[in-house]
>>> print(open('final26.cif').read())   # mmCIF, C-alpha atoms and all ligand atoms
data_my_file
#
loop_
_atom_site.label_atom_id
_atom_site.label_comp_id
_atom_site.auth_asym_id
_atom_site.auth_seq_id
_atom_site.Cartn_x
_atom_site.Cartn_y
_atom_site.Cartn_z
CA MET A 1 -3.29 -30.99 271.46
CA SER A 2 -5.07 -29.25 268.61
CA PRO A 3 -3.44 -29.38 265.15
CA PHE A 4 -2.81 -25.63 265.19
CA SER A 5 -1.16 -25.66 268.63
CA THR A 6 1.10 -28.48 267.47
CA TYR A 7 1.88 -26.46 264.36
CA ILE A 8 2.94 -23.40 266.36
CA ILE A 9 5.18 -25.62 268.47
CA HIS A 10 6.67 -27.09 265.29
CA LEU A 11 7.58 -23.58 264.11
CA ALA A 12 8.98 -22.70 267.54
CA ASP A 13 11.06 -25.89 267.74
CA ASN A 14 12.58 -25.19 264.32
CA ALA A 15 13.67 -21.72 265.39
CA LEU A 16 14.94 -22.85 268.80
CA ILE A 17 16.97 -25.84 267.61
CA LEU A 18 18.67 -23.96 264.78
CA GLY A 19 19.22 -21.00 267.11
CA HIS A 20 20.88 -23.37 269.57
CA ARG A 21 23.06 -24.96 266.88
CA ASN A 22 24.14 -21.58 265.52
CA SER A 23 24.89 -20.34 269.02
CA GLU A 24 27.42 -23.17 269.40
CA TRP A 25 29.64 -21.12 267.06
CA THR A 26 29.78 -18.24 269.52
CA GLY A 27 33.45 -17.85 270.38
CA HIS A 28 34.49 -20.27 267.61
CA GLY A 29 33.69 -18.40 264.38
CA PRO A 30 36.42 -18.15 261.72
CA ILE A 31 36.81 -14.41 262.32
CA LEU A 32 35.30 -12.14 264.92
CA GLU A 33 32.84 -10.38 262.58
CA GLN A 34 31.38 -13.66 261.35
CA ASP A 35 31.25 -15.09 264.85
CA ILE A 36 29.15 -12.05 265.78
CA ALA A 37 27.01 -12.41 262.66
CA LEU A 38 26.08 -16.00 263.43
CA SER A 39 25.52 -15.19 267.11
CA ASN A 40 23.14 -12.42 266.05
CA ILE A 41 21.27 -14.81 263.78
CA ALA A 42 21.04 -17.26 266.68
CA LEU A 43 19.63 -14.50 268.85
CA ASP A 44 16.98 -13.63 266.25
CA LEU A 45 15.96 -17.28 265.99
CA ILE A 46 15.77 -17.84 269.73
CA GLY A 47 13.77 -14.61 270.06
CA GLN A 48 11.37 -15.84 267.39
CA SER A 49 11.02 -19.17 269.16
CA ARG A 50 10.17 -17.39 272.43
CA ASN A 51 7.41 -15.44 270.72
CA LEU A 52 6.05 -18.65 269.23
CA TYR A 53 6.22 -20.61 272.50
CA GLN A 54 4.42 -17.77 274.26
CA LEU A 55 1.72 -17.85 271.61
CA ALA A 56 1.40 -21.64 271.95
CA ALA A 57 1.29 -21.43 275.75
CA GLU A 58 -1.43 -18.76 275.66
CA ARG A 59 -3.46 -20.91 273.32
CA LEU A 60 -3.01 -24.10 275.34
CA ASN A 61 -3.90 -22.29 278.55
CA SER A 62 -7.04 -20.76 277.09
CA LEU A 63 -8.13 -24.08 275.57
CA SER A 64 -7.80 -25.96 278.86
CA PRO A 65 -8.32 -23.45 281.68
CA GLU A 66 -8.81 -26.28 284.21
CA ARG A 67 -5.21 -27.51 283.81
CA LYS A 68 -2.26 -25.87 285.57
CA SER A 69 -1.14 -23.13 283.24
CA ILE A 70 2.06 -23.60 281.26
CA THR A 71 4.74 -21.15 280.12
CA GLU A 72 7.21 -20.80 277.27
CA ASP A 73 9.84 -22.36 279.56
CA ASP A 74 7.77 -25.50 280.12
CA LEU A 75 7.55 -25.96 276.36
CA ALA A 76 11.24 -25.37 275.70
CA TYR A 77 12.74 -27.11 278.72
CA LEU A 78 10.38 -29.86 279.79
CA ARG A 79 9.56 -31.74 276.63
CA ASP A 80 11.49 -34.83 275.48
CA SER A 81 12.86 -35.44 272.03
CA THR A 82 9.84 -37.38 270.73
CA GLU A 83 7.69 -34.34 271.59
CA TYR A 84 9.98 -32.00 269.68
CA LYS A 85 8.70 -31.24 266.19
CA ASN A 86 11.69 -29.60 264.49
CA PHE A 87 13.12 -30.66 261.12
CA VAL A 88 15.87 -33.27 261.39
CA LEU A 89 17.98 -30.96 259.16
CA LEU A 90 18.24 -28.40 261.94
CA GLU A 91 19.52 -30.72 264.66
CA GLN A 92 22.41 -32.11 262.56
CA ASP A 93 25.87 -31.37 263.91
CA ASN A 94 27.40 -28.10 262.76
CA GLY A 95 30.28 -29.76 260.91
CA ASP A 96 32.49 -27.14 259.31
CA TRP A 97 31.65 -23.56 258.36
CA ALA A 98 30.40 -24.67 254.93
CA LYS A 99 27.85 -27.07 256.42
CA THR A 100 26.60 -24.51 258.93
CA ILE A 101 26.30 -21.87 256.19
CA LEU A 102 24.49 -24.19 253.79
CA ARG A 103 21.94 -25.16 256.45
CA GLU A 104 21.30 -21.51 257.32
CA PHE A 105 20.95 -20.79 253.59
CA TYR A 106 18.46 -23.59 252.94
CA PHE A 107 16.40 -22.96 256.04
CA SER A 108 16.29 -19.14 255.93
CA HIS A 109 14.89 -19.27 252.41
CA PHE A 110 12.28 -21.76 253.57
CA GLN A 111 11.41 -19.69 256.63
CA LEU A 112 11.07 -16.52 254.58
CA LEU A 113 8.53 -18.15 252.27
CA GLN A 114 6.70 -19.83 255.12
CA TYR A 115 6.28 -16.63 257.14
CA HIS A 116 5.20 -14.72 254.05
CA GLY A 117 2.52 -17.34 253.52
CA LEU A 118 1.42 -17.06 257.15
CA LEU A 119 0.84 -13.29 256.95
CA ASN A 120 -2.65 -13.72 255.58
CA ARG A 121 -3.77 -16.80 257.50
CA LYS A 122 -6.49 -16.53 260.13
CA ASP A 123 -4.53 -16.16 263.35
CA PRO A 124 -3.51 -12.56 264.12
CA GLY A 125 -0.94 -13.65 266.73
CA LEU A 126 0.93 -15.80 264.26
CA ALA A 127 0.64 -13.12 261.58
CA ALA A 128 2.26 -10.57 263.92
CA ILE A 129 5.17 -12.93 264.71
CA SER A 130 5.57 -13.67 261.00
CA GLU A 131 5.64 -10.00 260.06
CA LYS A 132 8.27 -9.26 262.67
CA SER A 133 10.38 -12.32 261.84
CA ILE A 134 10.42 -11.66 258.09
CA LYS A 135 12.35 -8.45 258.64
CA GLU A 136 15.05 -10.38 260.46
CA ILE A 137 15.12 -13.38 258.15
CA ARG A 138 15.76 -11.17 255.14
CA TYR A 139 19.17 -10.48 256.67
CA HIS A 140 19.80 -14.18 257.25
CA VAL A 141 18.95 -14.94 253.63
CA LYS A 142 21.24 -12.24 252.34
CA TRP A 143 24.15 -13.09 254.60
CA SER A 144 24.03 -16.84 254.01
CA SER A 145 23.59 -16.38 250.23
CA GLU A 146 26.71 -14.20 250.09
CA TRP A 147 28.63 -16.90 251.94
CA VAL A 148 27.36 -19.69 249.67
CA CYS A 149 28.72 -17.75 246.67
CA ARG A 150 31.96 -16.93 248.40
CA LEU A 151 32.62 -20.55 249.37
CA GLY A 152 31.22 -22.23 246.24
CA ASP A 153 32.98 -19.87 243.85
CA GLY A 154 36.03 -19.57 246.08
CA THR A 155 39.07 -21.80 246.38
CA LEU A 156 39.34 -25.49 245.53
CA GLU A 157 39.19 -26.20 249.25
CA SER A 158 36.09 -24.11 249.94
CA HIS A 159 34.34 -25.51 246.85
CA ALA A 160 35.11 -29.08 247.94
CA ARG A 161 33.76 -28.35 251.41
CA MET A 162 30.53 -26.99 249.94
CA LEU A 163 30.16 -30.18 247.88
CA ASN A 164 30.54 -32.20 251.08
CA ALA A 165 27.97 -30.00 252.79
CA LEU A 166 25.50 -30.53 249.93
CA ASP A 167 25.98 -34.31 250.22
CA ALA A 168 25.47 -34.19 253.96
CA LEU A 169 22.39 -31.95 254.02
CA ASN A 170 20.47 -32.59 250.79
CA PRO A 171 18.96 -35.87 252.05
CA TRP A 172 17.24 -33.96 254.87
CA ILE A 173 15.54 -31.41 252.59
CA PRO A 174 12.46 -33.40 251.41
CA GLU A 175 11.04 -33.36 254.95
CA LEU A 176 10.60 -29.60 254.74
CA PHE A 177 7.99 -29.88 252.01
CA ILE A 178 6.00 -32.92 253.18
CA ALA A 179 3.07 -31.80 255.33
CA ALA A 180 2.51 -33.55 258.65
CA ASP A 181 -1.08 -34.49 259.46
CA TYR A 182 -1.45 -31.65 261.96
CA GLU A 183 -0.04 -29.24 259.39
CA LYS A 184 -2.54 -30.36 256.75
CA GLU A 185 -5.44 -30.11 259.14
CA ALA A 186 -4.44 -26.67 260.39
CA ALA A 187 -3.87 -25.55 256.80
CA GLU A 188 -7.32 -26.74 255.77
CA SER A 189 -8.90 -24.70 258.54
CA GLY A 190 -7.08 -21.61 257.26
CA LEU A 191 -4.62 -21.30 260.15
CA ALA A 192 -1.44 -22.91 258.84
CA LEU A 193 0.24 -23.39 255.51
CA ASP A 194 0.79 -26.55 253.48
CA PRO A 195 4.57 -26.48 252.90
CA SER A 196 4.39 -28.41 249.62
CA ALA A 197 3.09 -25.18 248.09
CA LEU A 198 6.40 -23.48 248.89
CA TYR A 199 8.64 -25.90 247.02
CA GLU A 200 8.72 -24.29 243.57
CA ASP A 201 9.55 -20.83 244.90
CA TRP A 202 12.16 -22.22 247.27
CA LEU A 203 13.74 -24.21 244.47
CA SER A 204 14.06 -21.25 242.16
CA MET A 205 15.48 -19.01 244.91
CA VAL A 206 18.12 -21.44 246.15
CA ASN A 207 19.08 -22.60 242.67
CA THR A 208 19.70 -19.05 241.49
CA VAL A 209 22.29 -18.69 244.24
CA LEU A 210 23.73 -22.20 243.84
CA ALA A 211 24.22 -21.54 240.11
CA ASN A 212 26.05 -18.29 240.89
CA ALA A 213 28.16 -20.19 243.36
CA THR A 214 29.11 -22.73 240.63
CA LEU A 215 27.58 -25.49 242.75
CA PRO A 216 25.28 -28.35 241.68
CA LEU A 217 21.61 -27.43 241.82
CA TYR A 218 18.93 -28.95 244.03
CA PRO A 219 17.64 -31.67 243.83
CA PRO A 220 20.73 -33.84 243.40
CA GLU A 221 20.75 -36.52 240.69
CA LYS A 222 21.23 -39.22 243.29
CA LYS A 223 18.13 -38.92 245.40
CA ASP A 224 18.72 -40.75 248.64
CA ALA A 225 16.37 -39.01 251.00
CA PHE A 226 16.36 -40.09 254.63
CA SER A 227 13.01 -41.16 255.94
CA LEU A 228 13.06 -39.71 259.46
CA SER A 229 10.38 -37.14 260.13
CA GLY A 230 11.37 -34.68 262.82
CA LYS A 231 8.13 -32.75 262.47
CA ASN A 232 6.37 -35.93 263.57
CA GLY A 233 8.74 -36.47 266.48
CA PHE A 234 11.10 -39.01 264.85
CA HIS A 235 14.59 -37.60 265.28
CA SER A 236 18.22 -38.46 264.73
CA GLU A 237 20.46 -39.16 267.73
CA HIS A 238 21.67 -35.54 267.73
CA LEU A 239 18.55 -34.05 269.26
CA GLY A 240 18.91 -35.94 272.54
CA TYR A 241 22.37 -34.46 273.07
CA ILE A 242 21.13 -30.94 272.28
CA LEU A 243 18.28 -31.27 274.77
CA ALA A 244 20.55 -32.76 277.42
CA GLU A 245 22.67 -29.64 277.28
CA MET A 246 19.87 -27.13 276.77
CA GLN A 247 17.55 -28.53 279.44
CA PHE A 248 20.11 -29.46 282.08
CA LEU A 249 19.62 -26.47 284.34
CA GLN A 250 15.83 -26.65 284.32
CA ARG A 251 15.88 -30.41 284.97
CA ALA A 252 18.43 -30.12 287.78
CA TYR A 253 16.79 -27.08 289.40
CA PRO A 254 13.10 -27.32 288.51
CA GLY A 255 11.34 -23.98 288.22
CA CYS A 256 14.47 -21.86 288.45
CA SER A 257 14.31 -18.56 286.61
CA TRP A 258 16.54 -15.54 286.00
CA MET B 1 -2.14 11.25 287.43
CA LYS B 2 -1.24 13.07 284.28
CA LYS B 3 -0.15 11.29 281.15
CA GLU B 4 2.46 13.91 280.24
CA ASN B 5 4.13 13.54 283.66
CA ILE B 6 4.33 9.79 283.21
CA ILE B 7 5.74 10.17 279.72
CA SER B 8 8.40 12.55 280.96
CA VAL B 9 9.44 9.94 283.57
CA LEU B 10 9.61 7.30 280.83
CA GLU B 11 11.73 9.58 278.67
CA GLY B 12 14.41 9.10 281.30
CA VAL B 13 14.51 5.33 280.72
CA THR B 14 17.36 4.55 278.35
CA ASP B 15 18.39 1.58 276.25
CA PRO B 16 20.95 -0.43 278.27
CA GLU B 17 23.06 -1.05 275.18
CA ILE B 18 22.86 2.43 273.64
CA PRO B 19 22.60 4.55 276.79
CA VAL B 20 22.31 7.87 274.92
CA LEU B 21 18.89 6.86 273.58
CA SER B 22 15.72 6.85 275.60
CA ILE B 23 13.04 4.25 274.91
CA ALA B 24 10.97 7.10 273.45
CA ASP B 25 13.81 8.14 271.08
CA LEU B 26 14.11 4.53 269.94
CA GLY B 27 10.42 4.13 269.24
CA ILE B 28 10.22 1.20 271.68
CA LEU B 29 7.70 3.08 273.82
CA ARG B 30 4.43 2.81 271.91
CA ASP B 31 1.73 3.98 274.27
CA VAL B 32 0.88 5.08 277.80
CA GLU B 33 -2.65 4.70 279.14
CA ILE B 34 -4.16 5.49 282.49
CA SER B 35 -6.91 3.13 283.55
CA GLY B 36 -8.30 4.00 286.98
CA ASN B 37 -5.25 4.01 289.23
CA GLU B 38 -3.24 1.75 286.95
CA ILE B 39 -0.72 2.79 284.33
CA ILE B 40 -0.51 0.65 281.21
CA VAL B 41 2.73 1.04 279.29
CA THR B 42 2.96 -0.54 275.85
CA ILE B 43 6.37 -1.34 274.42
CA THR B 44 7.65 -3.25 271.40
CA PRO B 45 11.03 -4.97 270.87
CA THR B 46 13.39 -3.76 268.15
CA TYR B 47 14.36 -7.33 267.19
CA SER B 48 12.65 -10.56 268.32
CA GLY B 49 15.69 -11.62 270.30
CA CYS B 50 16.57 -8.23 271.75
CA PRO B 51 18.15 -9.21 275.09
CA ALA B 52 17.57 -5.72 276.50
CA MET B 53 13.78 -6.05 276.72
CA ASP B 54 13.72 -7.62 280.18
CA ALA B 55 16.10 -4.99 281.54
CA ILE B 56 14.01 -2.24 279.93
CA GLN B 57 10.85 -3.56 281.60
CA GLN B 58 12.58 -3.53 284.97
CA ASP B 59 13.90 -0.01 284.35
CA ILE B 60 10.41 1.22 283.45
CA ARG B 61 8.99 -0.18 286.70
CA LYS B 62 11.85 1.25 288.71
CA ALA B 63 11.62 4.73 287.18
CA LEU B 64 7.86 4.86 287.70
CA SER B 65 8.10 3.51 291.23
CA ILE B 66 10.72 6.11 292.24
CA ASN B 67 8.29 8.76 291.05
CA GLY B 68 5.45 7.31 293.07
CA TYR B 69 3.67 5.31 290.40
CA GLU B 70 3.27 1.82 291.83
CA LYS B 71 0.50 0.18 289.88
CA VAL B 72 2.03 -0.49 286.48
CA LYS B 73 1.23 -2.99 283.78
CA ILE B 74 3.60 -3.45 280.86
CA ASN B 75 2.25 -4.79 277.60
CA GLN B 76 4.62 -6.07 274.98
CA VAL B 77 3.25 -5.96 271.42
CA LEU B 78 4.76 -7.24 268.17
CA SER B 79 2.49 -5.61 265.64
CA PRO B 80 3.09 -3.32 263.87
CA PRO B 81 6.70 -4.48 263.89
CA TRP B 82 9.30 -1.99 265.05
CA THR B 83 11.11 -0.06 262.34
CA SER B 84 14.07 2.28 262.52
CA ASP B 85 11.75 4.87 260.92
CA TRP B 86 10.43 5.36 264.48
CA LEU B 87 13.77 6.66 265.69
CA SER B 88 13.17 10.29 266.59
CA ALA B 89 15.08 13.14 264.94
CA ALA B 90 16.59 13.96 268.34
CA GLY B 91 17.52 10.28 268.70
CA LYS B 92 19.35 10.32 265.39
CA GLU B 93 21.36 13.35 266.42
CA LYS B 94 22.27 11.74 269.74
CA LEU B 95 23.39 8.59 267.95
CA GLU B 96 25.71 10.50 265.63
CA ALA B 97 27.17 12.45 268.53
CA PHE B 98 27.77 9.10 270.26
CA GLY B 99 29.70 7.81 267.23
CA ILE B 100 27.00 5.59 265.73
CA ALA B 101 25.85 6.38 262.20
CA ALA B 102 22.06 6.83 262.07
CA PRO B 103 19.85 5.24 259.40
CA SER B 104 19.46 7.36 256.33
CA THR B 105 16.59 9.83 256.43
CA SER B 106 16.18 9.83 252.67
CA HIS B 107 13.83 6.84 252.51
CA SER B 108 11.54 4.71 254.65
CA CYS B 109 13.05 1.57 256.14
CA ALA B 110 9.75 -0.06 257.12
CA ALA B 111 8.89 -1.26 253.64
CA GLY B 112 11.99 -3.29 252.95
CA GLY B 113 15.21 -2.46 254.74
CA THR B 114 17.21 -5.51 253.71
CA GLY B 115 20.64 -4.27 254.64
CA SER B 116 21.33 -3.13 251.09
CA ASP B 117 21.22 0.40 252.42
CA SER B 118 24.19 2.12 254.00
CA PRO B 119 24.95 5.11 256.22
CA ASP B 120 25.21 8.56 254.64
CA HIS B 121 28.57 9.33 256.16
CA CYS B 122 31.14 8.54 258.83
CA PRO B 123 29.87 9.84 262.19
CA HIS B 124 33.41 10.92 263.15
CA CYS B 125 34.64 12.98 260.16
CA HIS B 126 31.49 13.04 257.98
CA SER B 127 33.33 11.58 255.00
CA LYS B 128 31.16 9.68 252.50
CA ASN B 129 34.07 7.41 251.68
CA ILE B 130 33.06 4.37 253.77
CA GLU B 131 32.79 0.59 253.43
CA MET B 132 30.91 -2.18 255.19
CA ILE B 133 32.89 -4.59 257.35
CA SER B 134 29.96 -6.74 258.42
CA ARG B 135 26.20 -6.73 258.11
CA PHE B 136 26.06 -7.66 261.80
CA GLY B 137 27.54 -5.58 264.59
CA SER B 138 27.80 -5.68 268.36
CA THR B 139 24.01 -5.79 268.76
CA SER B 140 21.21 -6.94 266.45
CA CYS B 141 20.29 -3.41 265.46
CA LYS B 142 23.74 -2.44 264.24
CA ALA B 143 26.10 -3.20 261.34
CA LEU B 144 29.83 -2.58 261.28
CA TYR B 145 31.47 -0.05 258.92
CA ARG B 146 34.84 1.51 258.37
CA CYS B 147 35.70 5.03 257.27
CA LEU B 148 38.29 5.10 254.48
CA GLU B 149 39.11 8.74 255.22
CA CYS B 150 39.79 8.84 258.97
CA ARG B 151 40.26 5.03 259.09
CA GLU B 152 38.03 4.66 262.15
CA PRO B 153 35.60 1.74 262.35
CA PHE B 154 32.07 2.66 263.41
CA ASP B 155 28.69 1.14 264.14
CA TYR B 156 25.75 1.82 261.86
CA PHE B 157 22.22 1.70 263.24
CA LYS B 158 20.61 -0.42 260.51
CA CYS B 159 17.72 0.60 258.36
CA HIS B 160 15.18 -1.98 259.52
ZN ZN C 1 35.71 9.16 259.17
#
>>> encode(input="final26.cif", output="structure tokens")
Amino acid sequence: MSPFSTYIIHLADNALILGHRNSEWTGHGPILEQDIALSNIALDLIGQSRNLYQLAAERLNSLSPERKSITEDDLAYLRDSTEYKNFVLLEQDNGDWAKTILREFYFSHFQLLQYHGLLNRKDPGLAAISEKSIKEIRYHVKWSSEWVCRLGDGTLESHARMLNALDALNPWIPELFIAADYEKEAAESGLALDPSALYEDWLSMVNTVLANATLPLYPPEKKDAFSLSGKNGFHSEHLGYILAEMQFLQRAYPGCSW
Amino acid sequence: MKKENIISVLEGVTDPEIPVLSIADLGILRDVEISGNEIIVTITPTYSGCPAMDAIQQDIRKALSINGYEKVKINQVLSPPWTSDWLSAAGKEKLEAFGIAAPSTSHSCAAGGTGSDSPDHCPHCHSKNIEMISRFGSTSCKALYRCLECREPFDYFKCH
């Protein structure tokens, strides 16, 4: 697979896996309005992943016309965990509301910067998806930032839960900014973006909110980063369980569609 | 085949979640082309994950087929991205009459509708004394508000 095709799938996997995790809150949110909010965010992410998988499928089909053509469903439902290229951060269990909010907060800021960077890369298909997604992600950023402030600068309980969430998620952040080989190659040919270039902006955006929320800033003093690399296919045990649930129908009834 | 006849058929296709709006009112319908004996309809989703898009495609085919147009191709485009600026004036009136506050007409939403905007007034009693309940409503394109005058909650079609 070409570096750029792998890169598009990496972006799609990120959106799909977080969309799936967020959708697990549907029917379980703390209050109805917030349940709906997170379900809407999940819907945006899954919609974005569909657009990206379609783009990847079109590309793969046009690059190898002799092979049986593939669809977005093949990419989402018929790949195993080592072929998935999402960040390990996004497959972690939802934990409590604080952990889910913090992950959405960290990732939506990252996604916003990433898609902005992709607007002026060489591929018009990816630029169109980026332009559309940015409009949605701005809401995710705003909503999750409000919640980070509310919880961090809230009660003793909510503050303590945010501290736990920071401890649980911070070790997974470095992966976001370390380019995979395919990412570097695609970036050098003007198609993708090297994520290390996004770090300074991301840091200043998230730290502004964390400071308002009376929470410790990123990076933490104690830097114990985990060394798994989801974008290279090395995942935690969580992903297998997600795929087992998400892919069950398509594995049990191959080729079924709505 | 005449383009205006086809467009008038398509103006009868409504959004499954906001049935007072046609796909033309919503700005989802971007273009109609006739190529030989084939009709090419171009549409764009409001939000990436809009679950109504598949139903809308089926409704377009059905409406055209009932009117004798069988050879139809539907193109879905993402660029330029949909904006609530494309909501027609008639569409905005229909929304208000349906009890959904329409996006403000005072500024463009395309450039940077981030949800910091708000409706002009309550669609029920027209009071300006309103507050936001949630940035996200029953569908992606709506937020939830409450009128502090008549006390009714209402949906707001977001500036996007
Ligand atoms: Zn009112």
>>> residues_near_ligand(input="final26.cif", ligand="ligand ZN 1 (chain C)", cutoff="8 Å", atoms="only C-alpha atoms and all ligand atoms", output="VMD selection string")
chain B and resid 121 to 127 129 to 130 146 to 152
>>> residues_near_point(input="final26.cif", point="(-2.0, -26.0, 256.8)", cutoff="12 Å", atoms="all atoms listed in the file", output="VMD selection string")
chain A and resid 3 to 8 114 117 to 118 121 to 122 177 to 198
>>> atom_distance(input="final26.cif", atom1="atom CA of Tyr47 of chain B", atom2="atom CA of Arg50 of chain A")
12.1 Å
>>> interface_residues(input="final26.cif", of="chain A", to="chain B", cutoff="12 Å", atoms="all atoms listed in the file", output="ChimeraX atom specification")
/A:15-16,19,31-52,54-55,119,124-144,146,258
>>> atom_distance(input="final26.cif", atom1="atom CA of Trp86 of chain B", atom2="atom CA of Glu131 of chain B")
25.4 Å
>>> residues_around(input="final26.cif", residues="segment 12-24 of chain B", least_positions_apart="6", cutoff="7 Å", atoms="all atoms listed in the file", output="PyMOL selection string")
chain B and resi 52+56+59-60+91+94
>>> closest_residue(input="final26.cif", among="A:Asn170, A:Gln111, A:Asn212, A:Asn232", to="Trp147 of chain A", atoms="all atoms listed in the file")
A:Asn212
>>> residues_around(input="final26.cif", residues="Lys92 of chain B", least_positions_apart="2", cutoff="12 Å", atoms="all atoms listed in the file", output="PyMOL selection string")
chain B and resi 18+20-22+25-27+84-90+94-105+119+123+156-158
>>> write_last_selection(input="final26.cif", atoms="C-alpha atoms", output="PDB file, keeping the file's coordinate frame")
ATOM      1  CA  ILE B  18      22.860   2.430 273.640  1.00  0.00           C
ATOM      2  CA  VAL B  20      22.310   7.870 274.920  1.00  0.00           C
ATOM      3  CA  LEU B  21      18.890   6.860 273.580  1.00  0.00           C
ATOM      4  CA  SER B  22      15.720   6.850 275.600  1.00  0.00           C
ATOM      5  CA  ASP B  25      13.810   8.140 271.080  1.00  0.00           C
ATOM      6  CA  LEU B  26      14.110   4.530 269.940  1.00  0.00           C
ATOM      7  CA  GLY B  27      10.420   4.130 269.240  1.00  0.00           C
ATOM      8  CA  SER B  84      14.070   2.280 262.520  1.00  0.00           C
ATOM      9  CA  ASP B  85      11.750   4.870 260.920  1.00  0.00           C
ATOM     10  CA  TRP B  86      10.430   5.360 264.480  1.00  0.00           C
ATOM     11  CA  LEU B  87      13.770   6.660 265.690  1.00  0.00           C
ATOM     12  CA  SER B  88      13.170  10.290 266.590  1.00  0.00           C
ATOM     13  CA  ALA B  89      15.080  13.140 264.940  1.00  0.00           C
ATOM     14  CA  ALA B  90      16.590  13.960 268.340  1.00  0.00           C
ATOM     15  CA  LYS B  94      22.270  11.740 269.740  1.00  0.00           C
ATOM     16  CA  LEU B  95      23.390   8.590 267.950  1.00  0.00           C
ATOM     17  CA  GLU B  96      25.710  10.500 265.630  1.00  0.00           C
ATOM     18  CA  ALA B  97      27.170  12.450 268.530  1.00  0.00           C
ATOM     19  CA  PHE B  98      27.770   9.100 270.260  1.00  0.00           C
ATOM     20  CA  GLY B  99      29.700   7.810 267.230  1.00  0.00           C
ATOM     21  CA  ILE B 100      27.000   5.590 265.730  1.00  0.00           C
ATOM     22  CA  ALA B 101      25.850   6.380 262.200  1.00  0.00           C
ATOM     23  CA  ALA B 102      22.060   6.830 262.070  1.00  0.00           C
ATOM     24  CA  PRO B 103      19.850   5.240 259.400  1.00  0.00           C
ATOM     25  CA  SER B 104      19.460   7.360 256.330  1.00  0.00           C
ATOM     26  CA  THR B 105      16.590   9.830 256.430  1.00  0.00           C
ATOM     27  CA  PRO B 119      24.950   5.110 256.220  1.00  0.00           C
ATOM     28  CA  PRO B 123      29.870   9.840 262.190  1.00  0.00           C
ATOM     29  CA  TYR B 156      25.750   1.820 261.860  1.00  0.00           C
ATOM     30  CA  PHE B 157      22.220   1.700 263.240  1.00  0.00           C
ATOM     31  CA  LYS B 158      20.610  -0.420 260.510  1.00  0.00           C
TER      32      LYS B 158
END
>>> atom_distance(input="final26.cif", atom1="atom CA of His107 of chain B", atom2="atom CA of Leu112 of chain A")
23.6 Å
>>> closest_residue(input="final26.cif", among="A:Leu89, A:Thr100, A:Glu72, A:Leu11", to="Trp25 of chain A", atoms="all atoms listed in the file")
A:Thr100
>>> residues_around(input="final26.cif", residues="Lys85 of chain A", least_positions_apart="6", cutoff="9 Å", atoms="only C-alpha atoms", output="mmCIF file with C-alpha atoms, in the frame of the given file")
data_model
loop_
_atom_site.group_PDB
_atom_site.id
_atom_site.type_symbol
_atom_site.label_atom_id
_atom_site.label_comp_id
_atom_site.auth_asym_id
_atom_site.auth_seq_id
_atom_site.Cartn_x
_atom_site.Cartn_y
_atom_site.Cartn_z
ATOM 1 C CA THR A 6 1.100 -28.480 267.470
ATOM 2 C CA TYR A 7 1.880 -26.460 264.360
ATOM 3 C CA ILE A 9 5.180 -25.620 268.470
ATOM 4 C CA HIS A 10 6.670 -27.090 265.290
ATOM 5 C CA LEU A 11 7.580 -23.580 264.110
ATOM 6 C CA ALA A 12 8.980 -22.700 267.540
ATOM 7 C CA ASP A 13 11.060 -25.890 267.740
ATOM 8 C CA ASN A 14 12.580 -25.190 264.320
ATOM 9 C CA SER A 229 10.380 -37.140 260.130
ATOM 10 C CA GLY A 230 11.370 -34.680 262.820
ATOM 11 C CA LYS A 231 8.130 -32.750 262.470
ATOM 12 C CA ASN A 232 6.370 -35.930 263.570
ATOM 13 C CA GLY A 233 8.740 -36.470 266.480
ATOM 14 C CA PHE A 234 11.100 -39.010 264.850
ATOM 15 C CA HIS A 235 14.590 -37.600 265.280
#
>>> residues_around(input="final26.cif", residues="segment 159-162 of chain A", least_positions_apart="6", cutoff="9 Å", atoms="only C-alpha atoms", output="PyMOL selection string")
chain A and resi 96-99+102+148+151-153+213-215
>>> residues_near_point(input="final26.cif", point="(17.2, -20.1, 250.7)", cutoff="7 Å", atoms="only C-alpha atoms", output="list in words")
Phe105, Tyr106, Phe107, Ser108, His109, Phe110, Val141, Trp202, Met205 and Val206 of chain A
>>> closest_residue(input="final26.cif", among="A:Glu175, A:Asp201, A:Asp73, A:Glu91", to="Arg251 of chain A", atoms="only C-alpha atoms")
A:Asp73
